[in-house]
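Q: Got coords12.pdb for you, PDB, C-alpha atoms:
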ATOM      1  CA  MET O   6      79.038  60.644  73.984
ATOM      2  CA  ALA O   7      75.812  59.721  75.786
ATOM      3  CA  THR O   8      76.979  61.460  78.976
ATOM      4  CA  GLN O   9      77.957  64.574  77.002
ATOM      5  CA  ARG O  10      74.474  64.772  75.546
ATOM      6  CA  VAL O  11      72.888  64.411  78.993
ATOM      7  CA  LEU O  12      74.803  67.237  80.736
ATOM      8  CA  PRO O  13      73.845  70.166  78.487
ATOM      9  CA  GLN O  14      70.205  69.087  78.714
ATOM     10  CA  SER O  15      70.347  69.252  82.488
ATOM     11  CA  LYS O  16      71.894  72.733  82.267
ATOM     12  CA  GLU O  17      69.112  73.769  79.858
ATOM     13  CA  SER O  18      66.417  72.327  82.090
ATOM     14  CA  LEU O  19      68.035  74.007  85.110
ATOM     15  CA  LEU O  20      67.927  77.402  83.444
ATOM     16  CA  GLN O  21      64.324  76.817  82.308
ATOM     17  CA  ASN O  22      63.496  75.940  85.899
ATOM     18  CA  TYR O  23      65.040  79.214  87.042
ATOM     19  CA  ASN O  24      62.914  81.112  84.517
ATOM     20  CA  LYS O  25      59.757  79.355  85.663
ATOM     21  CA  ARG O  26      60.492  80.055  89.329
ATOM     22  CA  LEU O  27      61.108  83.713  88.561
ATOM     23  CA  LYS O  28      57.825  84.089  86.631
ATOM     24  CA  ASP O  29      55.820  82.196  89.257
ATOM     25  CA  ASP O  30      57.182  84.175  92.187
ATOM     26  CA  ILE O  31      56.692  87.574  90.542
ATOM     27  CA  ARG O  32      53.163  86.555  89.504
ATOM     28  CA  SER O  33      52.415  85.358  93.045
ATOM     29  CA  ILE O  34      53.585  88.633  94.612
ATOM     30  CA  LEU O  35      51.571  90.783  92.200
ATOM     31  CA  ASP O  36      48.374  88.695  92.383
ATOM     32  CA  ASN O  37      48.361  88.386  96.151
ATOM     33  CA  PHE O  38      49.061  92.073  96.616
ATOM     34  CA  THR O  39      46.289  93.033  94.197
ATOM     35  CA  GLU O  40      43.836  90.738  96.011
ATOM     36  CA  ILE O  41      44.761  92.254  99.395
ATOM     37  CA  ILE O  42      44.036  95.749  98.063
ATOM     38  CA  LYS O  43      40.731  94.544  96.603
ATOM     39  CA  THR O  44      39.743  92.877  99.855
ATOM     40  CA  ALA O  45      40.520  96.076 101.771
ATOM     41  CA  LYS O  46      37.588  97.779 100.080
ATOM     42  CA  VAL O  47      34.652  98.140 102.485
ATOM     43  CA  GLU O  48      31.416  96.839 100.986
ATOM     44  CA  ASP O  49      28.009  97.818 102.285
ATOM     45  CA  GLU O  50      26.095  94.745 101.180
ATOM     46  CA  THR O  51      27.377  91.421 102.435
ATOM     47  CA  GLN O  52      25.884  87.943 102.333
ATOM     48  CA  VAL O  53      26.881  87.178 105.922
ATOM     49  CA  SER O  54      27.068  89.478 108.897
ATOM     50  CA  ARG O  55      29.732  92.161 108.997
ATOM     51  CA  ALA O  56      31.651  90.489 111.773
ATOM     52  CA  THR O  57      31.854  87.213 109.843
ATOM     53  CA  GLN O  58      32.841  89.016 106.654
ATOM     54  CA  ALA O  59      35.475  90.997 108.563
ATOM     55  CA  GLU O  60      36.853  87.798 110.091
ATOM     56  CA  GLN O  61      36.969  86.107 106.697
ATOM     57  CA  ASP O  62      38.683  89.114 105.109
ATOM     58  CA  HIS O  63      41.189  89.221 107.955
ATOM     59  CA  TYR O  64      42.071  85.549 107.509
ATOM     60  CA  GLU O  65      42.313  85.908 103.714
ATOM     61  CA  MET O  66      44.648  88.910 104.020
ATOM     62  CA  HIS O  67      46.760  86.988 106.491
ATOM     63  CA  VAL O  68      47.155  84.080 104.077
ATOM     64  CA  ARG O  69      47.867  86.325 101.086
ATOM     65  CA  ALA O  70      50.486  88.272 103.050
ATOM     66  CA  ALA O  71      52.129  84.971 103.995
ATOM     67  CA  ASN O  72      52.088  84.018 100.294
ATOM     68  CA  ILE O  73      53.805  87.296  99.385
ATOM     69  CA  VAL O  74      56.494  86.654 101.985
ATOM     70  CA  ARG O  75      56.945  83.058 100.780
ATOM     71  CA  ALA O  76      57.329  84.283  97.177
ATOM     72  CA  GLY O  77      59.897  86.835  98.373
ATOM     73  CA  GLU O  78      61.883  84.107 100.159
ATOM     74  CA  SER O  79      61.700  81.931  97.057
ATOM     75  CA  LEU O  80      63.089  84.812  94.978
ATOM     76  CA  MET O  81      65.999  85.181  97.434
ATOM     77  CA  LYS O  82      66.720  81.447  97.100
ATOM     78  CA  LEU O  83      66.630  81.858  93.308
ATOM     79  CA  VAL O  84      69.166  84.695  93.505
ATOM     80  CA  SER O  85      71.411  82.512  95.664
ATOM     81  CA  ASP O  86      71.178  79.647  93.138
ATOM     82  CA  LEU O  87      71.979  82.050  90.295
ATOM     83  CA  LYS O  88      75.056  83.300  92.157
ATOM     84  CA  GLN O  89      76.266  79.731  92.627
ATOM     85  CA  PHE O  90      75.611  78.864  88.982
ATOM     86  CA  LEU O  91      77.427  82.016  87.881
ATOM     87  CA  ILE O  92      80.522  81.250  89.944
ATOM     88  CA  LEU O  93      80.738  77.700  88.607
ATOM     89  CA  ASN O  94      79.748  78.164  84.966
ATOM     90  CA  ASP O  95      80.512  81.701  83.839
ATOM     91  CA  PHE O  96      83.690  80.817  81.949
ATOM     92  CA  PRO O  97      84.636  84.300  80.696
ATOM     93  CA  SER O  98      84.737  85.718  84.207
ATOM     94  CA  VAL O  99      86.471  82.617  85.616
ATOM     95  CA  ASN O 100      89.145  82.947  82.910
ATOM     96  CA  ASP O 101      89.530  86.652  83.735
ATOM     97  CA  ALA O 102      89.890  85.898  87.427
ATOM     98  CA  ILE O 103      92.487  83.169  86.760
ATOM     99  CA  SER O 104      94.604  85.353  84.437
ATOM    100  CA  HIS O 105      94.420  88.298  86.857
ATOM    101  CA  ARG O 106      95.595  86.091  89.737
ATOM    102  CA  ASN O 107      98.387  84.616  87.594
ATOM    103  CA  GLN O 108      99.586  88.119  86.718
ATOM    104  CA  GLN O 109      99.618  89.143  90.376
ATOM    105  CA  LEU O 110     101.582  86.065  91.431
ATOM    106  CA  ARG O 111     104.095  86.420  88.586
ATOM    107  CA  ALA O 112     104.652  90.107  89.392
ATOM    108  CA  LEU O 113     105.291  89.205  93.038
ATOM    109  CA  GLN O 114     107.723  86.465  92.021
ATOM    110  CA  GLU O 115     109.637  88.788  89.681
ATOM    111  CA  GLU O 116     109.908  91.487  92.317
ATOM    112  CA  CYS O 117     111.185  88.955  94.829
ATOM    113  CA  ASP O 118     113.801  87.621  92.423
ATOM    114  CA  LYS O 119     114.876  91.125  91.391
ATOM    115  CA  LYS O 120     115.481  92.066  95.025
ATOM    116  CA  LEU O 121     117.412  88.842  95.639
ATOM    117  CA  ILE O 122     119.624  89.518  92.611
ATOM    118  CA  SER O 123     120.391  93.079  93.741
ATOM    119  CA  LEU O 124     121.153  91.716  97.220
ATOM    120  CA  ARG O 125     123.507  89.168  95.667
ATOM    121  CA  ASP O 126     125.310  91.892  93.737
ATOM    122  CA  GLU O 127     125.772  94.030  96.843
ATOM    123  CA  ILE O 128     127.058  91.099  98.875
ATOM    124  CA  ALA O 129     129.446  90.158  96.064
ATOM    125  CA  ILE O 130     130.961  93.649  96.211
ATOM    126  CA  ASP O 131     131.398  93.401  99.993
ATOM    127  CA  LEU O 132     132.793  89.893  99.699
ATOM    128  CA  TYR O 133     135.359  91.104  97.209
ATOM    129  CA  GLU O 134     136.563  93.728  99.658
ATOM    130  CA  LEU O 135     136.667  91.317 102.574
ATOM    131  CA  GLU O 136     138.549  88.641 100.659
ATOM    132  CA  GLU O 137     141.087  91.127  99.423
ATOM    133  CA  GLU O 138     141.665  92.318 102.966
ATOM    134  CA  TYR O 139     141.861  88.791 104.331
ATOM    135  CA  TYR O 140     144.132  87.280 101.732
ATOM    136  CA  SER O 141     146.515  90.214 101.715
ATOM    137  CA  SER O 142     147.054  89.897 105.485
ATOM    138  CA  SER O 143     149.414  87.382 107.083
ATOM    139  CA  CYS O 144     146.714  84.928 108.263
ATOM    140  CA  GLY O 145     145.004  84.504 104.891
ATOM    141  CA  GLN O 146     147.270  82.588 102.480
ATOM    142  CA  TRP O 147     145.383  80.728  99.819
ATOM    143  CA  ASP O 148     146.766  77.442  98.560
ATOM    144  CA  GLY O 149     145.633  77.909  95.016
ATOM    145  CA  VAL O 150     142.822  75.331  95.217
ATOM    146  CA  GLU O 151     139.916  77.675  95.828
ATOM    147  CA  LEU O 152     140.347  80.922  93.994
ATOM    148  CA  PRO O 153     139.163  83.862  96.110
ATOM    149  CA  LEU O 154     136.970  86.427  94.431
ATOM    150  CA  CYS O 155     139.527  89.210  94.520
ATOM    151  CA  GLU O 156     142.202  87.039  92.900
ATOM    152  CA  ALA O 157     139.714  85.985  90.214
ATOM    153  CA  PHE O 158     139.039  89.632  89.410
ATOM    154  CA  HIS O 159     142.791  90.396  89.400
ATOM    155  CA  ARG O 160     143.452  87.635  86.893
ATOM    156  CA  GLN O 161     140.520  88.569  84.720
ATOM    157  CA  ASP O 162     141.671  92.171  84.565
ATOM    158  CA  SER O 163     145.277  91.223  83.896
ATOM    159  CA  TRP O 164     144.190  88.979  80.987
ATOM    160  CA  GLY O 165     142.049  91.731  79.605
ATOM    161  CA  SER O 166     144.672  94.475  79.988
ATOM    162  CA  SER O 167     147.704  92.432  78.833
ATOM    163  CA  SER O 168     146.956  93.321  75.214
ATOM    164  CA  THR O 169     146.562  97.041  75.943
ATOM    165  CA  THR O 170     149.167  97.756  78.654
ATOM    166  CA  SER O 171     152.858  96.837  78.521
ATOM    167  CA  ASP O 172     153.320  96.001  82.210
ATOM    168  CA  PRO O 173     151.237  93.030  83.335
ATOM    169  CA  LEU O 174     153.876  92.377  86.080
ATOM    170  CA  HIS O 175     152.841  95.422  88.101
ATOM    171  CA  PRO O 176     149.502  94.506  89.697
ATOM    172  CA  ASN O 177     150.054  96.966  92.543
ATOM    173  CA  THR O 178     149.040  99.988  90.519
ATOM    174  CA  GLU O 179     145.952  98.106  89.378
ATOM    175  CA  ASP O 180     145.345  97.101  93.008
ATOM    176  CA  SER O 181     145.572 100.657  94.277
ATOM    177  CA  ASP O 182     143.322 101.879  91.472
ATOM    178  CA  ARG O 183     140.814  99.156  92.153
ATOM    179  CA  LEU O 184     141.045  99.679  95.895
ATOM    180  CA  GLY O 185     140.409 103.345  95.394
ATOM    181  CA  THR O 186     137.321 102.711  93.273
ATOM    182  CA  GLN O 187     136.169  99.822  95.456
ATOM    183  CA  GLU O 188     136.663 101.864  98.633
ATOM    184  CA  SER O 189     134.637 104.698  97.260
ATOM    185  CA  LEU O 190     131.968 102.217  96.142
ATOM    186  CA  GLN O 191     131.943 100.550  99.568
ATOM    187  CA  ARG O 192     131.733 103.884 101.346
ATOM    188  CA  HIS O 193     128.842 104.730  99.123
ATOM    189  CA  LEU O 194     127.131 101.402  99.960
ATOM    190  CA  ASN O 195     127.622 100.946 103.678
ATOM    191  CA  GLY O 196     130.164 103.416 104.982
ATOM    192  CA  HIS O 197     132.350 100.729 106.541
ATOM    193  CA  GLY O 198     135.506 101.388 104.463
ATOM    194  CA  THR O 199     137.458 102.853 107.345
ATOM    195  CA  ASN O 200     136.311 100.066 109.748
ATOM    196  CA  THR O 201     137.831  97.242 107.708
ATOM    197  CA  THR O 202     141.188  99.023 107.478
ATOM    198  CA  GLU O 203     141.114  99.597 111.239
ATOM    199  CA  GLN O 204     140.412  95.910 111.940
ATOM    200  CA  SER O 205     143.385  94.716 109.887
TER     201      SER O 205
ATOM    202  CA  MET S   9      83.969  90.554  85.416
ATOM    203  CA  ALA S  10      82.377  88.131  87.818
ATOM    204  CA  ASN S  11      82.429  90.695  90.598
ATOM    205  CA  ASP S  12      80.111  93.004  88.604
ATOM    206  CA  ARG S  13      77.539  90.277  88.045
ATOM    207  CA  LEU S  14      77.652  89.150  91.644
ATOM    208  CA  ARG S  15      77.307  92.763  92.771
ATOM    209  CA  GLN S  16      74.269  93.156  90.487
ATOM    210  CA  LEU S  17      72.701  90.068  92.072
ATOM    211  CA  GLU S  18      73.288  91.529  95.528
ATOM    212  CA  ASP S  19      71.526  94.716  94.399
ATOM    213  CA  VAL S  20      68.632  92.521  93.220
ATOM    214  CA  GLU S  21      68.400  91.038  96.727
ATOM    215  CA  LYS S  22      68.106  94.559  98.166
ATOM    216  CA  GLU S  23      65.396  95.360  95.605
ATOM    217  CA  ILE S  24      63.390  92.277  96.664
ATOM    218  CA  ALA S  25      63.535  93.510 100.266
ATOM    219  CA  LEU S  26      62.361  96.945  99.046
ATOM    220  CA  VAL S  27      59.388  95.285  97.262
ATOM    221  CA  LEU S  28      58.227  93.596 100.450
ATOM    222  CA  GLN S  29      58.838  96.718 102.522
ATOM    223  CA  SER S  30      56.843  98.990 100.217
ATOM    224  CA  ALA S  31      53.970  96.450 100.025
ATOM    225  CA  GLY S  32      53.860  96.374 103.835
ATOM    226  CA  THR S  33      53.935 100.184 104.069
ATOM    227  CA  ILE S  34      51.010 100.461 101.619
ATOM    228  CA  VAL S  35      48.866  97.985 103.575
ATOM    229  CA  LEU S  36      49.764  99.722 106.856
ATOM    230  CA  GLU S  37      48.813 103.112 105.423
ATOM    231  CA  LEU S  38      45.483 101.756 104.113
ATOM    232  CA  SER S  39      44.661 100.378 107.551
ATOM    233  CA  LYS S  40      44.636 103.925 109.018
ATOM    234  CA  GLU S  41      41.458 105.968 109.168
ATOM    235  CA  LYS S  42      42.896 108.838 107.172
ATOM    236  CA  ALA S  43      45.382 107.512 104.630
ATOM    237  CA  ASN S  44      47.996 109.840 103.193
ATOM    238  CA  ALA S  45      47.428 109.799  99.410
ATOM    239  CA  ASN S  46      50.897 111.142  98.570
ATOM    240  CA  LEU S  47      52.627 108.471 100.612
ATOM    241  CA  LEU S  48      50.441 105.808  99.034
ATOM    242  CA  ASP S  49      51.327 107.018  95.537
ATOM    243  CA  ARG S  50      55.020 107.139  96.303
ATOM    244  CA  GLN S  51      55.066 103.703  97.868
ATOM    245  CA  LEU S  52      53.047 102.240  95.002
ATOM    246  CA  ASN S  53      55.478 103.697  92.453
ATOM    247  CA  GLN S  54      58.358 102.320  94.473
ATOM    248  CA  PHE S  55      56.696  98.890  94.571
ATOM    249  CA  GLN S  56      56.084  98.796  90.816
ATOM    250  CA  THR S  57      59.571 100.098  89.944
ATOM    251  CA  SER S  58      61.292  97.629  92.237
ATOM    252  CA  ILE S  59      59.358  94.605  91.064
ATOM    253  CA  ASN S  60      59.960  95.489  87.388
ATOM    254  CA  ARG S  61      63.650  95.984  88.085
ATOM    255  CA  VAL S  62      63.881  92.619  89.874
ATOM    256  CA  GLU S  63      62.170  90.804  87.007
ATOM    257  CA  ASN S  64      64.250  92.482  84.284
ATOM    258  CA  GLU S  65      67.551  91.996  86.069
ATOM    259  CA  LEU S  66      66.975  88.325  86.851
ATOM    260  CA  SER S  67      65.742  87.628  83.302
ATOM    261  CA  ALA S  68      68.898  89.278  81.918
ATOM    262  CA  GLN S  69      71.133  87.175  84.176
ATOM    263  CA  ILE S  70      69.343  83.948  83.172
ATOM    264  CA  ARG S  71      69.619  84.923  79.473
ATOM    265  CA  TYR S  72      73.358  85.563  79.861
ATOM    266  CA  LEU S  73      73.826  82.219  81.604
ATOM    267  CA  THR S  74      71.890  80.428  78.828
ATOM    268  CA  GLN S  75      74.367  81.828  76.299
ATOM    269  CA  VAL S  76      77.510  81.235  78.321
ATOM    270  CA  ALA S  77      76.996  77.996  80.270
ATOM    271  CA  THR S  78      78.341  74.711  78.909
ATOM    272  CA  GLY S  79      78.038  71.283  80.445
ATOM    273  CA  GLN S  80      81.759  71.010  81.117
ATOM    274  CA  PRO S  81      83.629  71.814  84.315
ATOM    275  CA  HIS S  82      86.223  74.566  84.169
ATOM    276  CA  GLU S  83      89.709  73.089  84.331
ATOM    277  CA  GLY S  84      91.769  76.286  84.667
ATOM    278  CA  SER S  85      94.080  76.678  87.599
ATOM    279  CA  THR S  86      96.540  79.130  89.132
ATOM    280  CA  TYR S  87      98.621  76.326  90.627
ATOM    281  CA  SER S  88     101.801  76.827  88.561
ATOM    282  CA  ALA S  89     102.020  80.574  89.205
ATOM    283  CA  ARG S  90     101.279  79.997  92.881
ATOM    284  CA  LYS S  91     104.018  77.361  93.115
ATOM    285  CA  ASP S  92     106.582  79.613  91.416
ATOM    286  CA  CYS S  93     105.685  82.479  93.731
ATOM    287  CA  GLN S  94     105.916  80.203  96.752
ATOM    288  CA  MET S  95     109.393  79.035  95.681
ATOM    289  CA  ALA S  96     110.508  82.675  95.230
ATOM    290  CA  LEU S  97     109.276  83.488  98.746
ATOM    291  CA  ASN S  98     111.092  80.398 100.046
ATOM    292  CA  ARG S  99     114.302  81.613  98.369
ATOM    293  CA  ALA S 100     113.915  85.019 100.010
ATOM    294  CA  GLU S 101     113.251  83.402 103.391
ATOM    295  CA  TYR S 102     116.317  81.164 103.018
ATOM    296  CA  ALA S 103     118.485  84.176 102.143
ATOM    297  CA  ARG S 104     117.104  85.991 105.195
ATOM    298  CA  VAL S 105     117.910  83.055 107.472
ATOM    299  CA  LYS S 106     121.448  82.738 106.122
ATOM    300  CA  LEU S 107     122.092  86.458 106.497
ATOM    301  CA  GLY S 108     120.802  86.246 110.058
ATOM    302  CA  GLU S 109     123.249  83.445 110.833
ATOM    303  CA  LEU S 110     126.072  85.448 109.236
ATOM    304  CA  ALA S 111     125.186  88.497 111.309
ATOM    305  CA  ARG S 112     125.135  86.420 114.503
ATOM    306  CA  THR S 113     128.513  84.884 113.622
ATOM    307  CA  CYS S 114     129.997  88.344 112.995
ATOM    308  CA  GLU S 115     128.637  89.609 116.309
ATOM    309  CA  MET S 116     130.099  86.620 118.122
ATOM    310  CA  MET S 117     133.476  87.184 116.505
ATOM    311  CA  LEU S 118     133.471  90.879 117.391
ATOM    312  CA  ASP S 119     132.345  90.381 120.971
ATOM    313  CA  PRO S 120     133.230  86.887 122.236
ATOM    314  CA  GLN S 121     132.588  87.783 125.901
ATOM    315  CA  THR S 122     128.755  87.926 125.547
TER     316      THR S 122
END
Please re-express this file's structure in structure tokens.
A:
Amino acid sequence: MATQRVLPQSKESLLQNYNKRLKDDIRSILDNFTEIIKTAKVEDETQVSRATQAEQDHYEMHVRAANIVRAGESLMKLVSDLKQFLILNDFPSVNDAISHRNQQLRALQEECDKKLISLRDEIAIDLYELEEEYYSSSCGQWDGVELPLCEAFHRQDSWGSSSTTSDPLHPNTEDSDRLGTQESLQRHLNGHGTNTTEQS
Amino acid sequence: MANDRLRQLEDVEKEIALVLQSAGTIVLELSKEKANANLLDRQLNQFQTSINRVENELSAQIRYLTQVATGQPHEGSTYSARKDCQMALNRAEYARVKLGELARTCEMMLDPQT
């Protein structure tokens, strides 16, 4: 509790310090500039000789100009401190920045995953075709342990159509239908339908 | 937005430079034998406008910070979203690598002489 009471006071005193620096620097610039303009006025009557007065005025203007520049530098340092304070302590804008960044990252992640899923779907279609070709040829006999994709689709369709059709023992017509649709789909996707038939 | 406030503070820095520049131009013009009154007026107006703008802008920023600042550190983070995005990019990279291997295998099968 004691530490919590100390921190806000230091923030308050810091901001009061910023205010004071701002007022002092602006006052310094205005006063010094006004005094330079006043000193620039040529006076006829002087207490010392003209040369001495001129030398004194020259030195005074030099010092006041240096004061103006110092006040300007101090104002720049104040602006830098305010920027730092703003970045660390302006919670509304920090929250905005965090939520904006989160949105960007989530959008990128969703786009990435969407593209991966569409890629998976396309490859699944191609894999179906390839497995059907492979397992229907003489070299690809499956032992029933690992179900190839094409056989899984055959079985699923035969289970689904057994209630509607009266001939579940004729998969060839279903094959040719599916091949026809799959071939047209494959040709649409990558145009390699004729190549796979040539290779077998 | 933070960017607006930071941009305003950068404009204030340019105004401070304008203040010093116009003060120097006025003194330079006064040092000549025949000073141009119009230029002096313009530069003086510029000086007064700029210094008022600097003071008002910085006071407004300090007032805003007095209202908004607390003593606590901000504990927000984008770590979880960043991690999820990184994992998605890793998944995509892994898929790319695997497809590359598959393509190389297919090429080797088609053309075993090379």
Q: Separation of CA of Glu18 in chain S and CA of Asn100 in chain O, in Å?
A: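 Between CA of Glu18 in chain S and CA of Asn100 in chain O the gap works out to 22.0 Å.
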Q: Show me, as a ChimeraX atom specification, the residues of chain S whose atoms get within 9 Å of chain O, using only C-alpha atoms for the distance check.
A: /S:9-11,13-14,17-18,20-21,24-25,27-28,31-32,35,38-39,59,62-63,66-67,69-71,73-74,76-82,84-90,92-97,99-100,103
Q: Which of these residues is nearest to Asn72 in chain O, using all atoms listed in the file: O:Asp131, O:Glu48, O:Asp29, O:Glu60?
A: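 Looking only at the distances to Asn72 in chain O, the closest residue turns out to be O:Asp29.
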Q: Any idea what's packed within 12 Å of Gln51 in chain S, counting all atoms listed in the file, ignoring anything in its chain fewer than 2 positions away? Could you give it as a PyMOL selection string?
A: chain S and resi 26-38+44-49+53-58
